[in-house]
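These notes concern the structure reproduced below.
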Amino acid sequence: MTAVEQPEDPEELIPVDDPEQPIRFSRLKLFSKSPAHFAAALPEESSALDVGSAAHAMILGVGREVIAYPGKVRRGKEWEAFQGDHPDALILTKAEYGRASRMAKAVNDNADARRVLDGIREQTMFWKLNGRLCRGTPDVRSDQFVTELKTGETSDPRFFPFKMRRFRYDAQLAWYSDGAVLAGHPDPKEHYVVAVEAAYPHVVTVFKVTRWIANGRKSLRLWWERLLQCEAANEWPGYSQSVVDLDPLEEELEMLDAGEVAAARPDWADGEPPFA
């Protein structure tokens, strides 16, 4: 296995609409929707006031500086001057900054979270798969493990499996883990997700991902095979290429959020739902 030398500025070397651009997980994952979504490859919108992103930066200590604006209203000359003095910073209100800081403290106070977040943070890797250039930036990587830090509405072990499946964290961890090996690094045998709730008291749960990884790798193989097929045929279909007979399915519960699942299937409330 040969590591791929990192381009100095891959975004300039390979235009966004070029099919030869490095494949990232965030784009490959779109095959879980349809090839049409992958082909569109629209960038995800993000808010400059994303408290979760701010907490993420505070916890990992990488990325943009996070600061609080001391004023009351974010408009006018005072606000414009503050922006001008901090052009590269993620600027939050005092309340938002306080919440992000509490989230960061909750994670840093958790010994298990500190242990699995102790490694190389947000280092971009490049590798080749079937001759195609790929790219990935895990939150934390070491010789032993790969860890992703997630902020959101729940870290409850009863409901987090739904979020795991919905956002395909299993495939994301597999992508980074396998990519590390193909990039010439040691094989990280362990995989973790550190989840912290955005709402007070910002409960933190550290999940060790074991049998999910095999499922993630299976999905990656299927998406990759479909990518090659669509490229060869130059066809990028949507969800279905025929009329769909609409019948209720058990799998529809996968699309519900934690509260809806609890209401729809109270018998799942005290245990892990079955896998599809």
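To be explicit about the labels: the chains of the structure tokens are called A, B, and onward in the order shown, and within each one the residues are counted from 1, while ligands get numbers from 1 in the order they are shown.
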
For Thr137 of chain A: contacts at 8 Å, only C-alpha atoms, fewer than 5 positions along chain excluded, given as a compact mmCIF listing (two decimals) with N, CA and C atoms, in the first residue's frame:
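Result went into out-v2.txt, see below:
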# COMPACT_ATOMS: atom_id res chain seq x y z
N GLU A 122 -8.07 16.00 13.18
CA GLU A 122 -8.45 16.63 11.91
C GLU A 122 -7.27 16.75 10.94
N GLN A 123 -6.58 15.66 10.75
CA GLN A 123 -5.51 15.62 9.75
C GLN A 123 -6.06 14.95 8.49
N THR A 124 -6.01 15.68 7.38
CA THR A 124 -6.54 15.17 6.12
C THR A 124 -5.61 14.10 5.54
N MET A 125 -6.20 13.01 5.10
CA MET A 125 -5.46 11.92 4.47
C MET A 125 -5.93 11.78 3.02
N TYR A 176 -12.82 6.23 7.14
CA TYR A 176 -11.60 6.79 7.70
C TYR A 176 -10.61 5.69 8.12

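Assigned to strand (DSSP E or B) in segment 81-147 of chain A, given DSSP computed from backbone atoms, are Leu90, Ile91, Leu92, Ile120, Arg121, Met125, Phe126, Trp127, Lys128, Leu129, Arg132, Leu133, Cys134, Arg135, Gly136, Val140, Arg141, Phe145, Val146 and Thr147 of chain A.
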
For the selection just defined, write its residues with C-alpha atoms to a file, as a PDB file, in the first residue's frame.
ATOM      1  CA  LEU A  90     -16.501  31.914  14.405  1.00  0.00           C
ATOM      2  CA  ILE A  91     -18.426  34.651  16.204  1.00  0.00           C
ATOM      3  CA  LEU A  92     -21.198  33.667  18.615  1.00  0.00           C
ATOM      4  CA  ILE A 120      -4.017  13.221  15.737  1.00  0.00           C
ATOM      5  CA  ARG A 121      -6.873  15.663  15.252  1.00  0.00           C
ATOM      6  CA  MET A 125      -5.465  11.921   4.468  1.00  0.00           C
ATOM      7  CA  PHE A 126      -5.352  11.032   0.769  1.00  0.00           C
ATOM      8  CA  TRP A 127      -5.356   7.531  -0.684  1.00  0.00           C
ATOM      9  CA  LYS A 128      -6.266   5.665  -3.841  1.00  0.00           C
ATOM     10  CA  LEU A 129      -8.999   3.079  -4.286  1.00  0.00           C
ATOM     11  CA  ARG A 132      -9.413   6.850  -7.780  1.00  0.00           C
ATOM     12  CA  LEU A 133      -8.123   9.548  -5.438  1.00  0.00           C
ATOM     13  CA  CYS A 134      -9.973   9.609  -2.117  1.00  0.00           C
ATOM     14  CA  ARG A 135      -9.878  11.982   0.801  1.00  0.00           C
ATOM     15  CA  GLY A 136     -10.865  11.904   4.458  1.00  0.00           C
ATOM     16  CA  VAL A 140      -9.265  11.929  15.763  1.00  0.00           C
ATOM     17  CA  ARG A 141      -6.956   9.184  14.550  1.00  0.00           C
ATOM     18  CA  PHE A 145      -8.483   3.848  16.938  1.00  0.00           C
ATOM     19  CA  VAL A 146     -10.552   6.323  14.955  1.00  0.00           C
ATOM     20  CA  THR A 147     -13.001   8.587  16.813  1.00  0.00           C
TER      21      THR A 147
END

Residues of segment 50-168 of chain A within 10 Å of segment 209-223 of chain A: nearest atom pair and distance (Å, one decimal) for each, counting only C-alpha atoms, sorted by chain and number, as a Markdown table?
| residue | atom | partner | partner_atom | distance |
| --- | --- | --- | --- | --- |
| A:Thr147 | CA | A:Val209 | CA | 9.6 |
| A:Pro161 | CA | A:Trp212 | CA | 9.8 |
| A:Met164 | CA | A:Trp212 | CA | 9.2 |
| A:Arg165 | CA | A:Trp212 | CA | 9.3 |
| A:Arg168 | CA | A:Gly216 | CA | 7.4 |

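In this structure, atom CA of Arg166 of chain A sits 13.1 Å away from atom CA of Gly152 of chain A.
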
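Taking atom CA of Arg99 of chain A as the reference point, atom CA of Ala57 of chain A is found at 13.2 Å.
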
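Atom CA of Ser142 of chain A lies 12.9 Å from atom CA of Leu173 of chain A.
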
Q: as a PyMOL selection string, please: all residues of segment 35-241 of chain A that backbone DSSP puts in alpha helix (DSSP H).
A: chain A and resi 35-40+51-60+77-85+94-108+111-116+160-167+169-182+211-233

Q: Would you kindly return, as a PyMOL selection string, each protein, DNA or RNA residue with an atom no farther than 6 Å from any atom of segment 199-204 of chain A, considering only C-alpha atoms and excluding same-chain residues fewer than 3 positions away?
A: chain A and resi 103+195-196
